[in-house]
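Notes to accompany the following structure.
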Amino acid sequence: MTLCLMIGLHSTAQEHKAATAKTTFHRETSVSTSIKADPAIIWALLTNASDYARWNSTITSMDGEIAPGGRIRLRSTLDAKRSFKLKVKEFQPASRLAWGDGKGLRTFTLIPHDNGTVTFTMTERIGGLMFPMYAKYIPSFDASFDAFAADLKKEAEAIANHAQP
Amino acid sequence: MALSEHDLTAEFERTRGALRSYILRITANRQDAEDITQETWMRAHRSLANFKGESSVKTWLFAIAQNIARDHLRALKRWPENVGDICKEAAMSDPDFFREAMTIHKTSPQARFEIREHIAFCFTCVSRSLPLEQQLALMLKEVYEFTVKEIAEIMQNTEAMVKYWLHTGRSRMVDVFDRRCALINKEGACHQCTELNGIFNPKQNAQEEAVKIQMVRDAAKQDKEHLFDLRMVVMKELDPFTSPAAELQLHHLEFDRQVMEGRPEQV
C-alpha cells in the first residue's frame with residue numbers, strides 16, 4: 001500500500017496552485033501557471049542566475065551558470081541560512097530545465113500553446129532511503145512554489161507587454 | 001533594393017559619428033572604436049551586393065559593427081558595478097594619472113571638465129557591469145534610439161529577447177545608480193563627479209554646477225525611471241569624441257579600461 005496524500009489541489013485548465021504528494025520515501029511538490037509571453041522570455045528569466053533575486057521573491061541570491069552541466073549556488077527564503085549547491089541536469093532551450101543534488105531534483109517545463117500562452121510547470125521531487133529520518137525537518141514548499149510561479153508570470157508578462165516602439 | 005556605392009558612402013558619412021561613439025561606449029577603447037568603424041566601412045563596401053534593403057542602411061552598418069565588436073567583447077571580463085571606486089583608488093596611487101590629466105586640461109581645447117560629461121563617462125563604465133547583450137541592447141535603444149525591431153536585426157535575435165535584455169538591463173541600471181549616485185540620491189556612495197569638478201574647476205561651486213543639470217534638479221521627485229531617462233538625455237546630447245571635454249574624458253576612460261583589463265606590457 002502506498003502512503004499517498006494529495007494536499008490542497010486546486011486546478012483550472014492551466015492553473016494549478018502548489019500541491020504536494022507524499023510517499024514514505026519521497027515528497028513531490030508541483031505548481032503550474034499560464035503565462036502570456038514568448039517562451040524565450042520565460043526561458044531567459046529561468047536561466048539568468050544573477051538576475052533571479054531581482055524578480056523572484058523566493059530567491060535571495062544565485063550564483064553560477066545555468067547551462068548544460070553548469071553548477072549553481074542559491075539561497076532561498078525557505079532556509080535563509082543554507083546555501084544550496086546544485087548541478088544543472090537537463091537543459092533543453094525554451095522547453096525543459098532541471099537542477100538538483102543527491103537529495104532532490106527540481107524540474108521546469110514550458111509548453112507553448114497556439115493562443116500565445118505558455119504553461120509553466122515547476123516540480124520538485126526530494127527523497128531517498130533516508131528520507132523518513134529527515135522528512136519532518138523539511139518545510140512545506142507550497143507557499144514558496146506559488147510565489148515563484150506568480151513572480152515569473154508577473155515579470156514575463158511585464159516584459160512581453162511593455163510597449164516598446 | 002540595391003545600394004549604390006555613392007549611397008553607401010553618403011549614408012556611412014551620416015552614420016559614422018554615431019557608430020564610432022557607440023563602439024567607444026561599448027568597448028571603452030578609443031583605438032578599437034576607430035579600428036572597428038574603419039573595418040565596418042570595409043566590410044560594408046565588400047558586401048554591398050548583399051544589402052537587400054530589408055533594413056535601413058544605418059541598421060545594417062550597426063549590425064556589421066556590432067558583429068565585429070561583439071566577438072572582441074565576448075573574450076573580455078565584464079566590469080564590476082563599483083568600477084568607479086576601483087579606478088579612483090588606482091588613480092589616487094598613480095601620480096601619472098593626475099599629471100597627465102592636468103596637462104590635457106591645460107593644453108587641449110577639448111578638455112573642460114563638466115559634471116554632465118562625467119555623468120556620460122560614468123554610465124559608459126558602469127554599463128560594462130551588465131551582461132553583454134543587455135548592455136548592447138540598452139545602448140542601442142536608450143542612447144541611439146533604435147526600435148526593438150531594429151535592435152533585433154542588429155543583434156540577430158528575436159524581438160522577445162531584445163525586450164528581455166532591455167527590461168532587465170534598464171532595471172539593473174536604475175537600481176545601481178539609485179544606490180550609488182549621490183547626484184540623485186543623497187545616500188549614494190559615489191561623489192566622484194563633484195570631487196573631480198573641485199579638482200579641475202577649483203573656483204566653481206560643484207553643487208551650483210550640478211543643479212544646472214535637469215537630472216539633478218528633478219532628483220527630489222524621486223522617480224527613478226524618470227531620472228534614468230534624464231541620464232540617457234545627457235548621453236544623447238554628448239558625442240564622446242567631439243564634446244568640449246572629449247580629450248579629458250577619453251583619458252579617464254582609457255585609464256579605467258587599463259585598470260579593469262590590464263595595462264599593456266612596457267616594451
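Going by the C-alpha cells order, chains are called A, B, ..., each with residues numbered from 1, while ligands are numbered from 1 in the order shown.
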- Selection: 7 Å around Trp55 (chain A), only C-alpha atoms, excl. self and same-chain fewer than 3 positions, as a list in words: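 That gives Tyr52, Asp151 and Glu155 of chain A.
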- Would you please give, as a list in words, all residues of region 19-138 of chain A that DSSP assigns to helix (DSSP H, G or I) based on the backbone?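 Restricting region 19-138 of chain A to helix (DSSP H, G or I) produces Pro39, Ala40, Ile41, Ile42, Trp43, Ala44, Leu45, Leu46, Thr47, Ala49, Ser50, Asp51, Tyr52, Ala53, Arg54, Trp55, Thr77, Leu78, Asp79, Phe131, Pro132, Met133, Tyr134, Ala135, Lys136 and Tyr137 of chain A.
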- Please return, as a PyMOL selection string, all residues of chain A lying within 12 Å of chain B when only C-alpha atoms are considered. chain A and resi 37-46+48-55+94+155-165
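For region 34-46 of chain B, the set of protein, DNA and RNA residues having any atom at most 7 Å away, when counting only C-alpha atoms and skipping those fewer than 5 positions along the same chain, is Leu19, Arg20, Leu61, Ile64, Ala65, Ile68 and Ala69 of chain B.
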- Separation of CA of Ala150 (chain A) from CA of Thr33 (chain A) in Å: 7.8 Å
- Task: Mind checking which residues fall within 7 Å of region 250-256 of chain B, counting only C-alpha atoms, ignoring those fewer than 4 positions away in the same chain, and posting them as a PyMOL selection string?
- Result: chain B and resi 28-29+87+246+260
Dump C-alpha atoms for the selected residues as a PDB file, in the first residue's frame?
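The resulting result-v9.pdb:
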ATOM      1  CA  ALA B  28      35.590  51.731 -23.682  1.00  0.00           C
ATOM      2  CA  ASN B  29      38.528  51.647 -26.085  1.00  0.00           C
ATOM      3  CA  CYS B  87      39.584  53.157 -10.617  1.00  0.00           C
ATOM      4  CA  ALA B 246      36.343  64.807 -25.033  1.00  0.00           C
ATOM      5  CA  MET B 260      39.988  46.832 -15.480  1.00  0.00           C
TER       6      MET B 260
END
- Message: Need the shell around Val143 (chain B): protein/DNA/RNA residues with any atom at most 9 Å away, counting only C-alpha atoms. Skip same-chain ones fewer than 5 positions apart. Format as a list in words?
- Response: Tyr22, Leu138, Met232, Val233, Met235 and Lys236 of chain B
Using C-alpha atoms, can you write the selected residues to a file as an mmCIF file, in the first residue's frame?
data_model
loop_
_atom_site.group_PDB
_atom_site.id
_atom_site.type_symbol
_atom_site.label_atom_id
_atom_site.label_comp_id
_atom_site.auth_asym_id
_atom_site.auth_seq_id
_atom_site.Cartn_x
_atom_site.Cartn_y
_atom_site.Cartn_z
ATOM 1 C CA TYR B 22 28.516 53.614 -29.917
ATOM 2 C CA LEU B 138 20.251 49.188 -23.755
ATOM 3 C CA MET B 232 20.031 58.998 -21.095
ATOM 4 C CA VAL B 233 19.282 62.530 -22.345
ATOM 5 C CA MET B 235 24.215 60.551 -23.065
ATOM 6 C CA LYS B 236 22.366 61.509 -26.253
#
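The coordinates place CA of Val216 (chain B) at 27.0 Å from CA of Pro109 (chain B).
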- Query: If we count only C-alpha atoms, what is near Ala98 (chain A) at a cut-off of 7 Å, once residues fewer than 3 positions away on the same chain are taken out, given as a list in words?
  - Reply: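 Close residues of Ala98 (chain A): Val88, Lys89, Glu90, Phe91, Leu105, Arg106, Thr107 and Phe108 of chain A.
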For those residues, write C-alpha atoms to a file as a CSV table (one decimal), in the first residue's frame.
chain,number,residue,atom,x,y,z
A,88,VAL,CA,22.1,21.6,-13.9
A,89,LYS,CA,20.9,18.1,-15.0
A,90,GLU,CA,18.7,18.9,-18.0
A,91,PHE,CA,18.8,21.9,-20.4
A,105,LEU,CA,15.5,17.4,-8.4
A,106,ARG,CA,13.7,20.5,-9.5
A,107,THR,CA,12.2,20.4,-13.0
A,108,PHE,CA,10.8,23.3,-15.0
Identify, on the basis of only C-alpha atoms, every residue whose closest approach to Ala18 (chain B) does not exceed 10 Å; exclude the query and any residue fewer than 4 positions from it along the same chain; express the result as a compact mmCIF listing (two decimals) with C-alpha atoms, in the first residue's frame.
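File written: result19.txt
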# COMPACT_ATOMS: atom_id res chain seq x y z
CA GLU B 13 29.33 59.59 -43.53
CA ARG B 14 25.96 60.43 -41.90
CA TYR B 22 28.52 53.61 -29.92
CA ILE B 23 31.56 51.40 -30.38
CA LEU B 24 33.56 53.55 -27.95
CA LYS B 58 22.13 52.64 -40.73
CA PHE B 62 25.42 48.99 -36.89
CA VAL B 143 21.01 56.28 -26.45
CA TYR B 144 20.97 55.59 -30.19
CA LYS B 236 22.37 61.51 -26.25
CA ASP B 239 29.47 62.84 -28.54
CA PRO B 240 32.44 61.40 -26.62
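Across the structure, CA of Gln110 (chain B) and CA of Leu248 (chain B) are spaced 7.2 Å apart.
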- Query: When distances are computed from only C-alpha atoms, which of B:Ile154, B:Leu8, B:Leu132, B:Cys122 shows the smallest separation from Phe51 (chain B)?
  - Reply: B:Leu8
